[in-house]
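Engineer: input.pdb (PDB, C-alpha atoms) pasted underneath:
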ATOM      1  CA  MET A   1     243.911 345.420 -95.674
ATOM      2  CA  LEU A   2     247.123 347.477 -95.738
ATOM      3  CA  TYR A   3     248.601 348.375 -99.114
ATOM      4  CA  THR A   4     252.266 349.349 -99.281
ATOM      5  CA  GLU A   5     252.705 349.844-103.026
ATOM      6  CA  ILE A   6     250.743 350.534-106.198
ATOM      7  CA  PRO A   7     250.320 347.368-108.309
ATOM      8  CA  THR A   8     251.931 347.577-111.749
ATOM      9  CA  GLN A   9     250.176 344.442-113.018
ATOM     10  CA  ARG A  10     246.401 344.028-113.083
ATOM     11  CA  PRO A  11     245.483 342.335-109.804
ATOM     12  CA  ASN A  12     243.500 339.117-109.569
ATOM     13  CA  THR A  13     239.903 340.140-108.819
ATOM     14  CA  PRO A  14     237.629 337.126-109.482
ATOM     15  CA  LEU A  15     234.585 338.442-107.631
ATOM     16  CA  LEU A  16     234.859 341.973-109.034
ATOM     17  CA  ASP A  17     235.202 340.525-112.546
ATOM     18  CA  ARG A  18     231.704 339.050-112.173
ATOM     19  CA  VAL A  19     230.162 342.480-111.567
ATOM     20  CA  ASN A  20     229.709 344.392-114.810
ATOM     21  CA  GLU A  21     226.590 346.230-113.678
ATOM     22  CA  PRO A  22     224.804 346.845-110.359
ATOM     23  CA  MET A  23     222.158 344.195-111.081
ATOM     24  CA  GLN A  24     224.913 341.571-110.758
ATOM     25  CA  LEU A  25     226.169 343.259-107.606
ATOM     26  CA  ARG A  26     222.726 342.931-106.032
ATOM     27  CA  GLN A  27     222.815 339.168-106.643
ATOM     28  CA  LEU A  28     225.771 338.759-104.274
ATOM     29  CA  SER A  29     225.303 337.844-100.636
ATOM     30  CA  VAL A  30     226.023 340.440 -97.966
ATOM     31  CA  SER A  31     228.932 338.293 -96.784
ATOM     32  CA  GLN A  32     230.571 338.616-100.226
ATOM     33  CA  LEU A  33     230.541 342.400-100.198
ATOM     34  CA  LYS A  34     233.648 342.781 -98.012
ATOM     35  CA  THR A  35     235.650 340.644-100.453
ATOM     36  CA  LEU A  36     234.254 342.725-103.308
ATOM     37  CA  ALA A  37     235.328 345.933-101.539
ATOM     38  CA  ASP A  38     238.866 344.596-101.014
ATOM     39  CA  GLU A  39     239.157 343.606-104.675
ATOM     40  CA  LEU A  40     237.696 346.894-105.894
ATOM     41  CA  ARG A  41     240.069 348.954-103.745
ATOM     42  CA  LEU A  42     243.058 346.985-105.046
ATOM     43  CA  TYR A  43     241.854 347.429-108.629
ATOM     44  CA  LEU A  44     241.411 351.186-108.119
ATOM     45  CA  LEU A  45     244.986 351.422-106.852
ATOM     46  CA  TYR A  46     246.149 349.677-109.998
ATOM     47  CA  ALA A  47     243.947 351.696-112.386
ATOM     48  CA  ALA A  48     244.735 355.106-110.898
ATOM     49  CA  GLY A  49     248.401 354.131-110.803
ATOM     50  CA  GLN A  50     248.303 353.652-114.578
ATOM     51  CA  SER A  51     246.334 356.759-115.514
ATOM     52  CA  GLY A  52     246.947 359.197-112.698
ATOM     53  CA  GLY A  53     244.071 360.756-110.822
ATOM     54  CA  HIS A  54     242.784 361.121-107.299
ATOM     55  CA  PHE A  55     243.456 358.229-104.939
ATOM     56  CA  GLY A  56     242.256 359.302-101.496
ATOM     57  CA  ALA A  57     238.630 360.213-102.128
ATOM     58  CA  ASN A  58     238.081 357.153-104.316
ATOM     59  CA  LEU A  59     239.685 354.648-101.952
ATOM     60  CA  GLY A  60     237.649 356.087 -99.084
ATOM     61  CA  VAL A  61     234.277 355.706-100.798
ATOM     62  CA  VAL A  62     234.470 352.044-101.910
ATOM     63  CA  GLU A  63     232.162 350.569 -99.257
ATOM     64  CA  LEU A  64     229.701 353.450 -99.577
ATOM     65  CA  THR A  65     229.543 353.018-103.362
ATOM     66  CA  ILE A  66     228.896 349.287-103.057
ATOM     67  CA  ALA A  67     226.219 349.875-100.417
ATOM     68  CA  LEU A  68     224.405 352.494-102.509
ATOM     69  CA  HIS A  69     224.278 350.353-105.637
ATOM     70  CA  TYR A  70     223.325 347.323-103.529
ATOM     71  CA  CYS A  71     220.443 349.065-101.744
ATOM     72  CA  PHE A  72     219.067 351.247-104.531
ATOM     73  CA  ASN A  73     217.688 350.180-107.899
ATOM     74  CA  THR A  74     220.123 352.041-110.112
ATOM     75  CA  PRO A  75     219.926 353.409-112.758
ATOM     76  CA  HIS A  76     216.177 353.890-112.157
ATOM     77  CA  ASP A  77     216.992 355.344-108.754
ATOM     78  CA  ARG A  78     219.302 358.337-109.147
ATOM     79  CA  LEU A  79     222.745 358.611-107.552
ATOM     80  CA  ILE A  80     224.304 362.077-107.873
ATOM     81  CA  TRP A  81     228.021 362.165-107.041
ATOM     82  CA  ASP A  82     229.148 365.581-105.916
ATOM     83  CA  VAL A  83     232.724 365.337-107.194
ATOM     84  CA  GLY A  84     234.189 363.102-109.874
ATOM     85  CA  HIS A  85     237.063 362.376-107.497
ATOM     86  CA  GLN A  86     234.784 360.020-105.560
ATOM     87  CA  ALA A  87     233.173 358.337-108.586
ATOM     88  CA  TYR A  88     235.866 355.929-109.824
ATOM     89  CA  ALA A  89     234.400 353.019-107.838
ATOM     90  CA  HIS A  90     230.992 353.935-109.262
ATOM     91  CA  LYS A  91     232.411 353.800-112.795
ATOM     92  CA  ALA A  92     234.034 350.425-112.102
ATOM     93  CA  LEU A  93     230.721 348.922-110.951
ATOM     94  CA  THR A  94     228.722 350.321-113.872
ATOM     95  CA  GLY A  95     230.334 348.668-116.871
ATOM     96  CA  ARG A  96     233.529 350.722-117.165
ATOM     97  CA  ARG A  97     235.960 348.758-115.003
ATOM     98  CA  GLU A  98     238.458 347.820-117.706
ATOM     99  CA  GLN A  99     238.426 351.350-119.142
ATOM    100  CA  LEU A 100     239.408 353.017-115.857
ATOM    101  CA  THR A 101     243.057 352.974-116.889
ATOM    102  CA  THR A 102     242.147 355.325-119.764
ATOM    103  CA  ILE A 103     241.019 358.209-117.550
ATOM    104  CA  ARG A 104     242.752 361.443-118.642
ATOM    105  CA  ALA A 105     243.898 359.797-121.900
ATOM    106  CA  LYS A 106     242.759 360.724-125.422
ATOM    107  CA  ASP A 107     239.408 359.061-126.158
ATOM    108  CA  GLY A 108     239.452 357.603-122.631
ATOM    109  CA  LEU A 109     236.925 357.797-119.827
ATOM    110  CA  ALA A 110     236.061 361.182-118.390
ATOM    111  CA  ALA A 111     237.524 361.910-114.969
ATOM    112  CA  PHE A 112     234.064 362.979-113.810
ATOM    113  CA  PRO A 113     230.550 361.516-114.151
ATOM    114  CA  THR A 114     229.100 362.482-117.512
ATOM    115  CA  ARG A 115     225.684 361.608-118.876
ATOM    116  CA  ASP A 116     226.838 360.743-122.380
ATOM    117  CA  GLU A 117     229.167 358.077-120.970
ATOM    118  CA  SER A 118     226.675 356.007-118.979
ATOM    119  CA  GLU A 119     223.013 355.923-117.995
ATOM    120  CA  TYR A 120     224.279 355.491-114.422
ATOM    121  CA  ASP A 121     225.820 358.978-114.527
ATOM    122  CA  THR A 122     222.738 361.036-113.779
ATOM    123  CA  PHE A 123     224.409 364.443-113.659
ATOM    124  CA  GLY A 124     227.431 365.952-115.375
ATOM    125  CA  VAL A 125     229.703 367.074-112.556
ATOM    126  CA  GLY A 126     232.062 369.989-113.135
ATOM    127  CA  HIS A 127     233.525 370.102-109.647
ATOM    128  CA  SER A 128     231.935 370.288-106.210
ATOM    129  CA  SER A 129     228.935 371.379-104.152
ATOM    130  CA  THR A 130     226.264 370.943-106.856
ATOM    131  CA  ALA A 131     224.883 367.481-105.986
ATOM    132  CA  ILE A 132     222.183 368.573-103.535
ATOM    133  CA  SER A 133     220.711 371.225-105.827
ATOM    134  CA  ALA A 134     220.799 368.814-108.777
ATOM    135  CA  GLY A 135     219.213 366.126-106.622
ATOM    136  CA  LEU A 136     216.503 368.523-105.495
ATOM    137  CA  GLY A 137     215.652 369.275-109.115
ATOM    138  CA  MET A 138     215.425 365.560-109.905
ATOM    139  CA  ALA A 139     213.353 364.883-106.794
ATOM    140  CA  LEU A 140     210.901 367.643-107.736
ATOM    141  CA  ALA A 141     210.671 366.280-111.289
ATOM    142  CA  THR A 142     209.953 362.843-109.831
ATOM    143  CA  ARG A 143     207.150 364.324-107.732
ATOM    144  CA  TYR A 144     205.581 366.176-110.654
ATOM    145  CA  GLN A 145     205.839 363.137-112.935
ATOM    146  CA  LYS A 146     204.498 360.866-110.168
ATOM    147  CA  THR A 147     207.360 358.450-110.838
ATOM    148  CA  PRO A 148     208.293 356.218-107.893
ATOM    149  CA  ARG A 149     212.040 356.795-107.702
ATOM    150  CA  GLU A 150     214.656 357.455-105.043
ATOM    151  CA  VAL A 151     217.074 360.352-105.497
ATOM    152  CA  VAL A 152     220.340 360.275-103.539
ATOM    153  CA  ALA A 153     222.924 363.071-103.462
ATOM    154  CA  ILE A 154     226.367 362.099-102.124
ATOM    155  CA  ILE A 155     228.435 365.054-100.939
ATOM    156  CA  GLY A 156     231.744 365.179 -99.114
ATOM    157  CA  ASP A 157     232.488 367.209 -95.999
ATOM    158  CA  GLY A 158     234.800 369.495 -97.999
ATOM    159  CA  ALA A 159     232.089 370.279-100.571
ATOM    160  CA  MET A 160     229.552 370.897 -97.798
ATOM    161  CA  THR A 161     231.347 374.118 -96.901
ATOM    162  CA  ALA A 162     230.238 375.852-100.124
ATOM    163  CA  GLY A 163     227.329 378.260-100.176
ATOM    164  CA  MET A 164     225.569 376.440-103.000
ATOM    165  CA  ALA A 165     225.265 373.307-100.868
ATOM    166  CA  PHE A 166     223.716 375.265 -97.994
ATOM    167  CA  GLU A 167     221.299 377.037-100.335
ATOM    168  CA  ALA A 168     220.199 373.662-101.705
ATOM    169  CA  LEU A 169     219.689 372.235 -98.206
ATOM    170  CA  ASN A 170     217.721 375.315 -97.219
ATOM    171  CA  ASN A 171     215.473 374.967-100.277
ATOM    172  CA  ALA A 172     215.098 371.181 -99.958
ATOM    173  CA  GLY A 173     213.922 371.549 -96.365
ATOM    174  CA  VAL A 174     210.762 373.368 -97.421
ATOM    175  CA  GLU A 175     209.912 371.387-100.545
ATOM    176  CA  ASP A 176     207.486 368.484-100.479
ATOM    177  CA  CYS A 177     209.680 365.916-102.191
ATOM    178  CA  ARG A 178     211.774 362.886-101.317
ATOM    179  CA  LEU A 179     215.516 363.576-101.409
ATOM    180  CA  ILE A 180     218.189 361.608 -99.570
ATOM    181  CA  VAL A 181     221.464 363.409 -98.833
ATOM    182  CA  VAL A 182     224.477 361.298 -97.819
ATOM    183  CA  LEU A 183     227.325 363.187 -96.139
ATOM    184  CA  ASN A 184     230.585 361.404 -96.951
ATOM    185  CA  ASP A 185     232.479 362.747 -93.934
ATOM    186  CA  ASN A 186     235.954 361.435 -94.756
ATOM    187  CA  ASP A 187     238.008 364.533 -93.832
ATOM    188  CA  MET A 188     239.485 364.397 -97.338
ATOM    189  CA  SER A 189     239.731 367.575 -99.402
ATOM    190  CA  ILE A 190     242.171 368.838-102.019
ATOM    191  CA  SER A 191     243.620 371.062 -99.291
ATOM    192  CA  PRO A 192     243.075 370.742 -95.525
ATOM    193  CA  PRO A 193     239.432 371.565 -94.685
ATOM    194  CA  VAL A 194     238.913 374.548 -92.388
ATOM    195  CA  GLY A 195     236.080 376.359 -90.644
ATOM    196  CA  ALA A 196     233.366 375.773 -88.089
ATOM    197  CA  LEU A 197     231.580 372.957 -89.951
ATOM    198  CA  ASN A 198     234.802 370.978 -90.305
ATOM    199  CA  ARG A 199     235.562 371.516 -86.618
ATOM    200  CA  TYR A 200     232.041 370.410 -85.636
ATOM    201  CA  LEU A 201     232.190 367.243 -87.768
ATOM    202  CA  GLY A 202     235.663 366.467 -86.423
ATOM    203  CA  GLN A 203     234.354 366.569 -82.871
TER
END
Using structure tokens, write down the structure from this file.

Structural biologist:
Amino acid sequence: MLYTEIPTQRPNTPLLDRVNEPMQLRQLSVSQLKTLADELRLYLLYAAGQSGGHFGANLGVVELTIALHYCFNTPHDRLIWDVGHQAYAHKALTGRREQLTTIRAKDGLAAFPTRDESEYDTFGVGHSSTAISAGLGMALATRYQKTPREVVAIIGDGAMTAGMAFEALNNAGVEDCRLIVVLNDNDMSISPPVGALNRYLGQ
């Protein structure tokens, strides 16, 4: 669907309005998920248009966010978003949809995932490149506690260029624990991504 302007009135989103938490999302049929993604993207355009914020990364992660909450048993399973700029769809699907317009406002929602805001926010994100190391810590805790739980770190291609992300990957590769790392390769950074990794992914 092609959008040519930012809605100034709340759009009609009947399917999205039925999803106040991921458990309700998982009750939908697979065929309904595309409609849900279209409605969620339109709602994000409206919400970010009211409050300001980052459009690109959030609009590009809608389908991935739906898929992760559909396939994993959140909040028991842990999703760790590497940058708050890709977590607006996550907030909308975890009980905070109608508050999205308050991001960056006094007493409004945080612009980043924060643990005191929702049990679905498993890690307080300052900025980027921390998701894999945080996920590794959670995965190790899961192993020691013998708790059956999936841990998923979602990191963008821009954040993957930081040393902390590589250190975490290096450490995770030798640890006996279950950690899933999703590379959100959307070629979307605050400034144009550069370097060998970006060139490799682009090819």

Engineer: Extract, using only C-alpha atoms, all DNA, RNA and protein residues at most 9 Å from Glu39 (chain A), discarding same-chain residues fewer than 2 positions from it, and format them as a list in words.

Structural biologist: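 The residues satisfying every condition are Pro11, Asn12, Thr13, Pro14, Leu15, Leu16, Lys34, Thr35, Leu36, Ala37, Arg41, Leu42, Tyr43 and Leu44 of chain A.
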
Engineer: Which one of A:Ser133, A:Thr161, A:Ser191, A:Ser51 sits closest to Leu179 (chain A) if you count all atoms listed in the file?

Structural biologist: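 Between A:Ser133, A:Thr161, A:Ser191, A:Ser51, the residue approaching Leu179 (chain A) most closely is A:Ser133.
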
Engineer: Please evaluate the PyMOL selection byres ((chain A and resi 139) around 12) against the structure above and give the resulting residues as a PyMOL selection string.

Structural biologist: chain A and resi 77-80+131-138+140-153+172+175-181

Engineer: Can I get the selection written as a JSON list (two decimals), keeping the file's coordinate frame, with C-alpha atoms?

Structural biologist:
[["chain", "number", "residue", "atom", "x", "y", "z"],
["A", 77, "ASP", "CA", 216.99, 355.34, -108.75],
["A", 78, "ARG", "CA", 219.30, 358.34, -109.15],
["A", 79, "LEU", "CA", 222.74, 358.61, -107.55],
["A", 80, "ILE", "CA", 224.30, 362.08, -107.87],
["A", 131, "ALA", "CA", 224.88, 367.48, -105.99],
["A", 132, "ILE", "CA", 222.18, 368.57, -103.54],
["A", 133, "SER", "CA", 220.71, 371.22, -105.83],
["A", 134, "ALA", "CA", 220.80, 368.81, -108.78],
["A", 135, "GLY", "CA", 219.21, 366.13, -106.62],
["A", 136, "LEU", "CA", 216.50, 368.52, -105.50],
["A", 137, "GLY", "CA", 215.65, 369.28, -109.12],
["A", 138, "MET", "CA", 215.42, 365.56, -109.90],
["A", 140, "LEU", "CA", 210.90, 367.64, -107.74],
["A", 141, "ALA", "CA", 210.67, 366.28, -111.29],
["A", 142, "THR", "CA", 209.95, 362.84, -109.83],
["A", 143, "ARG", "CA", 207.15, 364.32, -107.73],
["A", 144, "TYR", "CA", 205.58, 366.18, -110.65],
["A", 145, "GLN", "CA", 205.84, 363.14, -112.94],
["A", 146, "LYS", "CA", 204.50, 360.87, -110.17],
["A", 147, "THR", "CA", 207.36, 358.45, -110.84],
["A", 148, "PRO", "CA", 208.29, 356.22, -107.89],
["A", 149, "ARG", "CA", 212.04, 356.80, -107.70],
["A", 150, "GLU", "CA", 214.66, 357.46, -105.04],
["A", 151, "VAL", "CA", 217.07, 360.35, -105.50],
["A", 152, "VAL", "CA", 220.34, 360.28, -103.54],
["A", 153, "ALA", "CA", 222.92, 363.07, -103.46],
["A", 172, "ALA", "CA", 215.10, 371.18, -99.96],
["A", 175, "GLU", "CA", 209.91, 371.39, -100.54],
["A", 176, "ASP", "CA", 207.49, 368.48, -100.48],
["A", 177, "CYS", "CA", 209.68, 365.92, -102.19],
["A", 178, "ARG", "CA", 211.77, 362.89, -101.32],
["A", 179, "LEU", "CA", 215.52, 363.58, -101.41],
["A", 180, "ILE", "CA", 218.19, 361.61, -99.57],
["A", 181, "VAL", "CA", 221.46, 363.41, -98.83]]

Engineer: With all atoms listed in the file counted, which protein, DNA or RNA residues have an atom no more than 12 Å from (223.8, 343.6, -108.3) in the file frame? Please answer as a ChimeraX atom specification.

Structural biologist: /A:15-16,18-30,32-33,36,66-75,93-95

Engineer: For a test of reading the model, state the distance in Å between CA of Gly126 (chain A) and CA of Pro113 (chain A), rounded to one decimal.

Structural biologist: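 Spanning CA of Gly126 (chain A) to CA of Pro113 (chain A) is a straight-line distance of 8.7 Å.
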
Engineer: Here is a test: counting only C-alpha atoms, which residue of A:Ser129, A:Thr122, A:Ile155, A:Glu117 is nearest to Val182 (chain A)?

Structural biologist: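 Under the stated criterion, the closest residue is A:Ile155.
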
Engineer: Pick from A:Gly158, A:Gly124, A:Gly84, A:Gly52: nearest to Thr101 (chain A), with only C-alpha atoms counted?

Structural biologist: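 Answer, going by the shortest atom-to-atom distance: A:Gly52.
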
Engineer: Distance CA of Trp81 (chain A)-CA of Ser118 (chain A), one decimal place?

Structural biologist: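 One can read the CA of Trp81 (chain A) to CA of Ser118 (chain A) distance as 13.5 Å.
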
Engineer: Enclose the full set of atoms of region 153-172 of chain A listed in the file within a box whose edges lie along x, y and z, apply 4 Å of padding to each of the six sides, and report centre and edge lengths in Å to one decimal as AutoDock Vina command-line options.

Structural biologist:
--center_x 224.9 --center_y 370.2 --center_z -99.7 --size_x 27.7 --size_y 24.2 --size_z 15.5

Engineer: Between CA of Ile154 (chain A) and CA of Asn184 (chain A), measure the distance and give it in Å to one decimal.

Structural biologist: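 Computed distance, CA of Ile154 (chain A) to CA of Asn184 (chain A), equals 6.7 Å.
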
Engineer: I would like the residues chosen by the PyMOL selection byres ((chain A and resi 55-63) around 7) on the shown file; could you give them as a list in words?

Structural biologist: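 Applying the PyMOL selection byres ((chain A and resi 55-63) around 7) to the structure shown produces Ala37, Arg41, Ala48, Gly53, His54, Leu64, Thr65, Ile66, Ala67, His85, Gln86, Ala87, Tyr88, Ala89 and Met188 of chain A.
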
Engineer: Find the spatial neighbours of Asn198 (chain A), counting all atoms listed in the file, within a cut-off of 10 Å - ignore same-chain residues fewer than 4 positions away - and output them as a compact mmCIF listing (two decimals) with C-alpha atoms, in the frame of the given file.

Structural biologist:
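Result saved to result-v6.txt:
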# COMPACT_ATOMS: atom_id res chain seq x y z
CA ASP A 157 232.49 367.21 -96.00
CA GLY A 158 234.80 369.50 -98.00
CA MET A 160 229.55 370.90 -97.80
CA THR A 161 231.35 374.12 -96.90
CA ASP A 185 232.48 362.75 -93.93
CA ASP A 187 238.01 364.53 -93.83
CA PRO A 192 243.08 370.74 -95.52
CA PRO A 193 239.43 371.56 -94.68
CA VAL A 194 238.91 374.55 -92.39
CA GLY A 202 235.66 366.47 -86.42
CA GLN A 203 234.35 366.57 -82.87

Engineer: Go through A:Ala162, A:Leu201, A:Ile6, A:Ala92 one by one, measure the shortest atom-to-atom distance of each to Gln50 (chain A) using all atoms listed in the file, and give the residue with the smallest value.

Structural biologist: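 Between A:Ala162, A:Leu201, A:Ile6, A:Ala92, the residue approaching Gln50 (chain A) most closely is A:Ile6.
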